[in-house]
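A.B. asks: Quick one: this structure, given as structure tokens, is what I'll be asking you about.
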Amino acid sequence: MTRPLFVAIDTPDLDRAKALAAKVRHHVGGIKLGLEFFCANGRSGVRDMAALDLPIFLDLKLHDIPNTVAKAVQALRPLNPAIITVHAAGGRAMMEDAKAAAPEGCKVVGVTVLTSLDGDDLAAIGVGGDPHDQVLRLADLAREAGIDGIVCSGQEVKAAKQHWPGGFFVVPGVRPAGSDAGDQKRMMTPRAALDAGASVLVVGRPITQAEDPDAAARTIEATL
Ligand SMILES: O=c1ccn([C@@H]2O[C@H](COP(=O)(O)O)[C@@H](O)[C@H]2O)c(=O)[nH]1
């Protein structure tokens, strides 16, 4: 990835997505399309976005039995994504099968603990320990499964990278100082997350909801 900053284009509106991507394209290394965009626009929407000639990160966070996830990844192959996500909690076999089904050169990364969750949220779903321990546990499982890396917050990436020096680390929950957290609970600034070892920084609303998305992306890029 030449530029570490990926913009999360979370909107169901294809024209708005295209306009946002066109505005920020010179300051980002790629476009992240997630569930909101994909459920509204499907594969044809992804193809339209790919026409902008930036790497596409398909953040669909697949999580099902191994056969179903492998078939879903196979169905995404023609879109030639640069990165796709699966939930690491889906288990080793699921991650192995996702990697085997992914297109050549596509990085498969495992979501560990969503950046919108804190320790209390983990306890509420029956996961003991804090997010840090759970991220490292799932990072080990992802590495053993042979996928390329993980998604974690900036707060865990340094320790995760020490565990897995060759791993690829996607970090969302990235907020420039003073910007609105929204629903994110484990956050870091772009510069700090990069210094801690992030391979890719995912930034959505601080760019897409800004009055001037181009200026917002340029300002973040200048700190990297
Ligand atoms: O743990 C995770 C995994 C994925 N995401 C996704 O990243 C963006 C973040 O958007 P912001 O507007 O910058 O909060 C969004 O698409 C999430 O689905 C995440 O936030 N945390």
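All residue names refer to the structure tokens as shown: chains lettered A, B, ... in order, residues numbered from 1 in each chain, ligands numbered from 1 in order.
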Fewer than 4 positions away in the same chain doesn't count, so skip those; otherwise give me all residues within 7 Å of segment 171-184 of chain A, counting only C-alpha atoms, as an MDAnalysis selection string.

C.D. replies: chainID A and resid 115:116 151:154 188:190 198 200:203 206

A.B. asks: Limited to C-alpha atoms, could you put the picked residues into a file as a compact mmCIF listing (two decimals), in the first residue's frame?

C.D. replies:
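Below you can see out-v8.txt, which holds the result:
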# COMPACT_ATOMS: atom_id res chain seq x y z
CA THR A 115 -13.22 -0.64 17.99
CA SER A 116 -16.74 0.24 19.16
CA VAL A 151 -8.07 -5.44 12.33
CA CYS A 152 -7.57 -3.94 15.80
CA SER A 153 -7.52 -0.54 17.43
CA GLY A 154 -4.47 1.68 17.67
CA MET A 188 -6.09 6.82 18.49
CA THR A 189 -4.88 9.71 16.35
CA PRO A 190 -3.66 8.86 12.83
CA ALA A 198 -0.54 0.28 11.66
CA VAL A 200 -3.49 0.82 7.02
CA LEU A 201 -5.43 3.57 8.79
CA VAL A 202 -9.19 3.59 8.24
CA VAL A 203 -10.88 6.97 8.58
CA PRO A 206 -13.89 12.70 10.12

A.B. asks: Env of segment 24-29 of chain A: 10 Å cut, atoms = only C-alpha atoms, seq-sep filter 6 positions within chain, self excluded. Answer as a PyMOL selection string.

C.D. replies: chain A and resi 1-7+52-56+200-203+207-208+212-222

A.B. asks: Okay, now the selection with N, CA and C atoms, as an mmCIF file, in the first residue's frame?

C.D. replies:
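And here's part_27.cif as it stands now:
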data_model
loop_
_atom_site.group_PDB
_atom_site.id
_atom_site.type_symbol
_atom_site.label_atom_id
_atom_site.label_comp_id
_atom_site.auth_asym_id
_atom_site.auth_seq_id
_atom_site.Cartn_x
_atom_site.Cartn_y
_atom_site.Cartn_z
ATOM 1 N N MET A 1 0.862 -1.176 0.000
ATOM 2 C CA MET A 1 0.000 0.000 0.000
ATOM 3 C C MET A 1 0.905 1.234 0.000
ATOM 4 N N THR A 2 0.769 2.089 -0.992
ATOM 5 C CA THR A 2 1.662 3.244 -1.070
ATOM 6 C C THR A 2 1.300 4.300 -0.027
ATOM 7 N N ARG A 3 0.007 4.572 0.124
ATOM 8 C CA ARG A 3 -0.435 5.528 1.150
ATOM 9 C C ARG A 3 -1.212 4.748 2.205
ATOM 10 N N PRO A 4 -0.933 4.982 3.495
ATOM 11 C CA PRO A 4 -1.603 4.165 4.517
ATOM 12 C C PRO A 4 -3.054 4.545 4.781
ATOM 13 N N LEU A 5 -3.455 5.743 4.352
ATOM 14 C CA LEU A 5 -4.808 6.211 4.702
ATOM 15 C C LEU A 5 -5.860 5.678 3.726
ATOM 16 N N PHE A 6 -6.828 4.919 4.273
ATOM 17 C CA PHE A 6 -7.970 4.461 3.482
ATOM 18 C C PHE A 6 -9.211 5.186 4.001
ATOM 19 N N VAL A 7 -10.030 5.684 3.075
ATOM 20 C CA VAL A 7 -11.241 6.377 3.506
ATOM 21 C C VAL A 7 -12.411 5.397 3.498
ATOM 22 N N LEU A 52 -12.591 4.233 -10.324
ATOM 23 C CA LEU A 52 -11.757 5.376 -9.902
ATOM 24 C C LEU A 52 -10.289 4.997 -9.803
ATOM 25 N N ASP A 53 -10.024 3.697 -9.969
ATOM 26 C CA ASP A 53 -8.636 3.245 -10.034
ATOM 27 C C ASP A 53 -7.856 3.377 -8.729
ATOM 28 N N LEU A 54 -8.542 3.183 -7.624
ATOM 29 C CA LEU A 54 -7.877 3.109 -6.320
ATOM 30 C C LEU A 54 -8.116 1.708 -5.774
ATOM 31 N N PRO A 55 -7.179 1.176 -4.965
ATOM 32 C CA PRO A 55 -7.414 -0.141 -4.383
ATOM 33 C C PRO A 55 -8.720 -0.160 -3.582
ATOM 34 N N ILE A 56 -9.431 -1.281 -3.692
ATOM 35 C CA ILE A 56 -10.709 -1.426 -2.987
ATOM 36 C C ILE A 56 -10.542 -2.380 -1.804
ATOM 37 N N VAL A 200 -2.434 0.036 7.656
ATOM 38 C CA VAL A 200 -3.490 0.818 7.020
ATOM 39 C C VAL A 200 -4.295 1.528 8.105
ATOM 40 N N LEU A 201 -4.570 2.802 7.895
ATOM 41 C CA LEU A 201 -5.427 3.574 8.792
ATOM 42 C C LEU A 201 -6.771 3.743 8.102
ATOM 43 N N VAL A 202 -7.855 3.415 8.808
ATOM 44 C CA VAL A 202 -9.190 3.594 8.239
ATOM 45 C C VAL A 202 -9.835 4.817 8.883
ATOM 46 N N VAL A 203 -10.183 5.777 8.071
ATOM 47 C CA VAL A 203 -10.877 6.968 8.585
ATOM 48 C C VAL A 203 -12.131 7.195 7.747
ATOM 49 N N ILE A 207 -13.596 12.423 7.705
ATOM 50 C CA ILE A 207 -13.405 12.916 6.339
ATOM 51 C C ILE A 207 -14.761 13.103 5.641
ATOM 52 N N THR A 208 -15.583 12.061 5.669
ATOM 53 C CA THR A 208 -16.796 12.087 4.825
ATOM 54 C C THR A 208 -17.859 13.066 5.335
ATOM 55 N N ASP A 212 -15.484 20.086 4.112
ATOM 56 C CA ASP A 212 -14.608 19.967 2.945
ATOM 57 C C ASP A 212 -13.803 18.660 3.070
ATOM 58 N N PRO A 213 -14.345 17.554 2.542
ATOM 59 C CA PRO A 213 -13.683 16.249 2.697
ATOM 60 C C PRO A 213 -12.261 16.221 2.136
ATOM 61 N N ASP A 214 -12.051 16.945 1.040
ATOM 62 C CA ASP A 214 -10.724 16.993 0.430
ATOM 63 C C ASP A 214 -9.724 17.619 1.409
ATOM 64 N N ALA A 215 -10.111 18.738 2.025
ATOM 65 C CA ALA A 215 -9.223 19.414 2.985
ATOM 66 C C ALA A 215 -9.008 18.522 4.214
ATOM 67 N N ALA A 216 -10.071 17.831 4.661
ATOM 68 C CA ALA A 216 -9.943 16.968 5.849
ATOM 69 C C ALA A 216 -8.953 15.839 5.571
ATOM 70 N N ALA A 217 -9.069 15.223 4.394
ATOM 71 C CA ALA A 217 -8.148 14.124 4.052
ATOM 72 C C ALA A 217 -6.727 14.654 3.899
ATOM 73 N N ARG A 218 -6.595 15.828 3.287
ATOM 74 C CA ARG A 218 -5.268 16.419 3.091
ATOM 75 C C ARG A 218 -4.621 16.739 4.438
ATOM 76 N N THR A 219 -5.400 17.244 5.358
ATOM 77 C CA THR A 219 -4.868 17.596 6.681
ATOM 78 C C THR A 219 -4.392 16.343 7.419
ATOM 79 N N ILE A 220 -5.181 15.271 7.335
ATOM 80 C CA ILE A 220 -4.760 14.020 7.995
ATOM 81 C C ILE A 220 -3.494 13.492 7.327
ATOM 82 N N GLU A 221 -3.497 13.484 5.992
ATOM 83 C CA GLU A 221 -2.346 12.954 5.265
ATOM 84 C C GLU A 221 -1.058 13.706 5.652
ATOM 85 N N ALA A 222 -1.193 15.006 5.854
ATOM 86 C CA ALA A 222 -0.021 15.822 6.176
ATOM 87 C C ALA A 222 0.601 15.444 7.522
#

A.B. asks: With only C-alpha atoms and all ligand atoms as the basis for distance, which of A:Leu117, A:Met49, A:Val73, A:Leu20 is at the shortest distance from ligand 1?

C.D. replies: A:Leu117

A.B. asks: With only C-alpha atoms and all ligand atoms as the basis for distance, which of A:Gln162, A:Gln155, A:Asn80, A:Asn41 is at the shortest distance from ligand 1?

C.D. replies: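 For ligand 1, the nearest of the candidates is A:Gln155.
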
A.B. asks: Got a sec: who's within 10 Å of Gly91 of chain A, counting only C-alpha atoms, leaving out chain neighbours fewer than 3 positions off, as number ranges by chain?

C.D. replies: A: 63-66, 86-88, 94-96, 110, 138, 141-142, 145

A.B. asks: Enter the distance from atom CA of Gly149 of chain A to atom CA of Val108 of chain A, in Å, rounded to one decimal.

C.D. replies: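 Going from atom CA of Gly149 of chain A over to atom CA of Val108 of chain A covers 6.9 Å.
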
A.B. asks: Using only C-alpha atoms, determine which residues lie at most 12 Å from Asp133 of chain A, disregarding the query and same-chain residues fewer than 3 positions distant; provide the list as a list in words.

C.D. replies: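 Contacts, in chain order: Thr112, Val113, Asp118, Gly119, Leu122, Val127, Gly128, Gly129, Asp130, Leu136, Arg137, Leu138, Ala139, Asp140, Cys152, Gln155, Glu156, Val157, Ala159, Ala160 and His163 of chain A.
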
A.B. asks: Would you put the residues from that selection into a file with C-alpha atoms, as a PDB file, in the first residue's frame?

C.D. replies:
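Generated file (result_21.pdb):
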ATOM      1  CA  THR A 112     -10.458  -9.097  16.359  1.00  0.00           C
ATOM      2  CA  VAL A 113     -12.385  -6.826  18.743  1.00  0.00           C
ATOM      3  CA  ASP A 118     -14.698  -1.796  25.453  1.00  0.00           C
ATOM      4  CA  GLY A 119     -14.078  -4.226  28.312  1.00  0.00           C
ATOM      5  CA  LEU A 122     -16.856  -7.857  26.048  1.00  0.00           C
ATOM      6  CA  VAL A 127     -15.766 -12.723  26.784  1.00  0.00           C
ATOM      7  CA  GLY A 128     -13.452 -12.570  29.785  1.00  0.00           C
ATOM      8  CA  GLY A 129     -10.361 -10.378  29.908  1.00  0.00           C
ATOM      9  CA  ASP A 130      -9.851  -6.964  28.403  1.00  0.00           C
ATOM     10  CA  LEU A 136      -3.697 -10.818  21.043  1.00  0.00           C
ATOM     11  CA  ARG A 137      -5.491 -14.176  21.394  1.00  0.00           C
ATOM     12  CA  LEU A 138      -7.287 -13.693  18.072  1.00  0.00           C
ATOM     13  CA  ALA A 139      -4.116 -12.346  16.412  1.00  0.00           C
ATOM     14  CA  ASP A 140      -2.363 -15.606  17.293  1.00  0.00           C
ATOM     15  CA  CYS A 152      -7.568  -3.944  15.796  1.00  0.00           C
ATOM     16  CA  GLN A 155      -4.303   0.808  21.344  1.00  0.00           C
ATOM     17  CA  GLU A 156      -3.372  -2.815  20.627  1.00  0.00           C
ATOM     18  CA  VAL A 157      -1.419  -2.572  17.408  1.00  0.00           C
ATOM     19  CA  ALA A 159       1.684  -5.341  21.065  1.00  0.00           C
ATOM     20  CA  ALA A 160       0.063  -7.225  18.169  1.00  0.00           C
ATOM     21  CA  HIS A 163       3.610 -10.878  18.463  1.00  0.00           C
TER      22      HIS A 163
END

A.B. asks: Between atom CA of Ala100 of chain A and atom CA of Val69 of chain A, what is the distance, to one decimal in Å?

C.D. replies: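 Straight-line distance from atom CA of Ala100 of chain A to atom CA of Val69 of chain A works out to 10.8 Å.
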
A.B. asks: Check the DSSP output for the backbone and give back, as an mmCIF file with N, CA and C atoms, in the first residue's frame, the residues of segment 6-223 of chain A in strand (DSSP E).

C.D. replies:
data_model
loop_
_atom_site.group_PDB
_atom_site.id
_atom_site.type_symbol
_atom_site.label_atom_id
_atom_site.label_comp_id
_atom_site.auth_asym_id
_atom_site.auth_seq_id
_atom_site.Cartn_x
_atom_site.Cartn_y
_atom_site.Cartn_z
ATOM 1 N N PHE A 6 -6.828 4.919 4.273
ATOM 2 C CA PHE A 6 -7.970 4.461 3.482
ATOM 3 C C PHE A 6 -9.211 5.186 4.001
ATOM 4 N N VAL A 7 -10.030 5.684 3.075
ATOM 5 C CA VAL A 7 -11.241 6.377 3.506
ATOM 6 C C VAL A 7 -12.411 5.397 3.498
ATOM 7 N N ALA A 8 -13.146 5.369 4.626
ATOM 8 C CA ALA A 8 -14.331 4.504 4.727
ATOM 9 C C ALA A 8 -15.511 5.276 4.161
ATOM 10 N N GLY A 30 -6.564 4.199 -0.719
ATOM 11 C CA GLY A 30 -7.616 3.313 -1.184
ATOM 12 C C GLY A 30 -8.951 3.675 -0.571
ATOM 13 N N ILE A 31 -9.963 2.921 -1.019
ATOM 14 C CA ILE A 31 -11.342 3.168 -0.605
ATOM 15 C C ILE A 31 -11.841 1.949 0.146
ATOM 16 N N LYS A 32 -12.395 2.176 1.328
ATOM 17 C CA LYS A 32 -12.993 1.058 2.068
ATOM 18 C C LYS A 32 -14.509 1.105 1.899
ATOM 19 N N LEU A 33 -15.049 0.014 1.388
ATOM 20 C CA LEU A 33 -16.496 -0.110 1.231
ATOM 21 C C LEU A 33 -16.988 -1.174 2.195
ATOM 22 N N GLY A 34 -17.996 -0.821 2.989
ATOM 23 C CA GLY A 34 -18.475 -1.764 4.002
ATOM 24 C C GLY A 34 -19.900 -2.193 3.767
ATOM 25 N N ILE A 56 -9.431 -1.281 -3.692
ATOM 26 C CA ILE A 56 -10.709 -1.426 -2.987
ATOM 27 C C ILE A 56 -10.542 -2.380 -1.804
ATOM 28 N N PHE A 57 -10.915 -1.896 -0.652
ATOM 29 C CA PHE A 57 -10.928 -2.680 0.587
ATOM 30 C C PHE A 57 -12.398 -3.033 0.840
ATOM 31 N N LEU A 58 -12.730 -4.311 0.702
ATOM 32 C CA LEU A 58 -14.112 -4.751 0.915
ATOM 33 C C LEU A 58 -14.253 -5.235 2.352
ATOM 34 N N ASP A 59 -14.860 -4.399 3.169
ATOM 35 C CA ASP A 59 -14.952 -4.678 4.615
ATOM 36 C C ASP A 59 -16.319 -5.281 4.927
ATOM 37 N N LEU A 60 -16.491 -6.543 4.552
ATOM 38 C CA LEU A 60 -17.798 -7.182 4.746
ATOM 39 C C LEU A 60 -17.835 -8.013 6.024
ATOM 40 N N LYS A 61 -16.711 -8.137 6.697
ATOM 41 C CA LYS A 61 -16.635 -8.823 8.008
ATOM 42 C C LYS A 61 -17.398 -10.151 7.974
ATOM 43 N N LEU A 62 -16.980 -11.020 7.082
ATOM 44 C CA LEU A 62 -17.679 -12.295 6.922
ATOM 45 C C LEU A 62 -17.502 -13.150 8.180
ATOM 46 N N ILE A 83 -8.137 -5.892 -0.254
ATOM 47 C CA ILE A 83 -8.237 -6.371 1.134
ATOM 48 C C ILE A 83 -9.677 -6.821 1.373
ATOM 49 N N ILE A 84 -9.845 -7.941 2.085
ATOM 50 C CA ILE A 84 -11.183 -8.304 2.562
ATOM 51 C C ILE A 84 -11.096 -8.659 4.052
ATOM 52 N N THR A 85 -12.238 -8.538 4.742
ATOM 53 C CA THR A 85 -12.254 -8.866 6.173
ATOM 54 C C THR A 85 -13.164 -10.050 6.467
ATOM 55 N N VAL A 86 -12.733 -10.827 7.449
ATOM 56 C CA VAL A 86 -13.570 -11.876 8.048
ATOM 57 C C VAL A 86 -13.475 -11.656 9.555
ATOM 58 N N HIS A 87 -14.409 -12.199 10.319
ATOM 59 C CA HIS A 87 -14.292 -12.093 11.780
ATOM 60 C C HIS A 87 -13.376 -13.209 12.285
ATOM 61 N N LYS A 107 -5.322 -9.334 0.368
ATOM 62 C CA LYS A 107 -5.030 -9.582 1.779
ATOM 63 C C LYS A 107 -6.328 -9.925 2.511
ATOM 64 N N VAL A 108 -6.277 -11.020 3.264
ATOM 65 C CA VAL A 108 -7.414 -11.401 4.104
ATOM 66 C C VAL A 108 -7.049 -11.042 5.535
ATOM 67 N N VAL A 109 -7.862 -10.189 6.166
ATOM 68 C CA VAL A 109 -7.552 -9.783 7.536
ATOM 69 C C VAL A 109 -8.719 -10.120 8.464
ATOM 70 N N GLY A 110 -8.372 -10.488 9.685
ATOM 71 C CA GLY A 110 -9.372 -10.937 10.651
ATOM 72 C C GLY A 110 -9.705 -9.830 11.640
ATOM 73 N N VAL A 111 -10.986 -9.499 11.723
ATOM 74 C CA VAL A 111 -11.424 -8.508 12.716
ATOM 75 C C VAL A 111 -11.333 -9.168 14.096
ATOM 76 N N GLY A 149 -3.333 -10.775 8.242
ATOM 77 C CA GLY A 149 -3.228 -9.828 9.342
ATOM 78 C C GLY A 149 -4.539 -9.695 10.073
ATOM 79 N N ILE A 150 -4.639 -8.611 10.842
ATOM 80 C CA ILE A 150 -5.834 -8.405 11.667
ATOM 81 C C ILE A 150 -6.302 -6.958 11.580
ATOM 82 N N VAL A 151 -7.534 -6.773 12.066
ATOM 83 C CA VAL A 151 -8.069 -5.436 12.330
ATOM 84 C C VAL A 151 -8.107 -5.284 13.849
ATOM 85 N N PHE A 168 -0.057 -7.851 8.868
ATOM 86 C CA PHE A 168 -0.604 -6.656 8.217
ATOM 87 C C PHE A 168 -1.699 -6.129 9.144
ATOM 88 N N PHE A 169 -1.566 -4.865 9.570
ATOM 89 C CA PHE A 169 -2.434 -4.369 10.638
ATOM 90 C C PHE A 169 -3.313 -3.213 10.160
ATOM 91 N N VAL A 170 -4.597 -3.485 10.135
ATOM 92 C CA VAL A 170 -5.585 -2.483 9.741
ATOM 93 C C VAL A 170 -6.153 -1.851 11.008
ATOM 94 N N VAL A 171 -6.084 -0.524 11.074
ATOM 95 C CA VAL A 171 -6.520 0.172 12.293
ATOM 96 C C VAL A 171 -7.627 1.187 11.984
ATOM 97 N N VAL A 200 -2.434 0.036 7.656
ATOM 98 C CA VAL A 200 -3.490 0.818 7.020
ATOM 99 C C VAL A 200 -4.295 1.528 8.105
ATOM 100 N N LEU A 201 -4.570 2.802 7.895
ATOM 101 C CA LEU A 201 -5.427 3.574 8.792
ATOM 102 C C LEU A 201 -6.771 3.743 8.102
ATOM 103 N N VAL A 202 -7.855 3.415 8.808
ATOM 104 C CA VAL A 202 -9.190 3.594 8.239
ATOM 105 C C VAL A 202 -9.835 4.817 8.883
ATOM 106 N N VAL A 203 -10.183 5.777 8.071
ATOM 107 C CA VAL A 203 -10.877 6.968 8.585
ATOM 108 C C VAL A 203 -12.131 7.195 7.747
#

A.B. asks: Please run DSSP on the backbone and report, as a ChimeraX atom specification, all residues within segment 46-221 of chain A that come out as helix (DSSP H, G or I).

C.D. replies: /A:46-50,66-79,88-90,92-101,119-124,131-145,154-163,190-196,205-208,213-221

A.B. asks: If we count only C-alpha atoms and set the cut-off at 8 Å, which residues sit around segment 12-17 of chain A, ignoring sequence neighbours fewer than 4 positions away in its own chain? Please answer as a short mmCIF file (atom, residue, chain, number, x, y, z; two decimals) with C-alpha atoms, in the first residue's frame.

C.D. replies:
data_model
loop_
_atom_site.label_atom_id
_atom_site.label_comp_id
_atom_site.auth_asym_id
_atom_site.auth_seq_id
_atom_site.Cartn_x
_atom_site.Cartn_y
_atom_site.Cartn_z
CA ALA A 21 -14.06 9.29 -3.52
CA GLU A 36 -23.85 -0.06 4.28
CA PHE A 37 -22.52 0.52 0.77
CA PHE A 38 -22.53 -3.16 -0.26
CA CYS A 39 -26.06 -3.93 0.96
CA ALA A 40 -27.35 -0.96 -1.02
CA ASN A 41 -25.25 -1.22 -4.17
CA GLY A 45 -21.64 -0.60 -7.04
CA MET A 49 -16.16 2.55 -7.40
#

A.B. asks: From the options A:Gln134, A:Gln209, A:Thr223, A:Asn67, which residue's atoms come nearest to ligand 1, counting only C-alpha atoms and all ligand atoms?

C.D. replies: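 Residue with the minimum atom-to-atom distance to ligand 1: A:Gln209.
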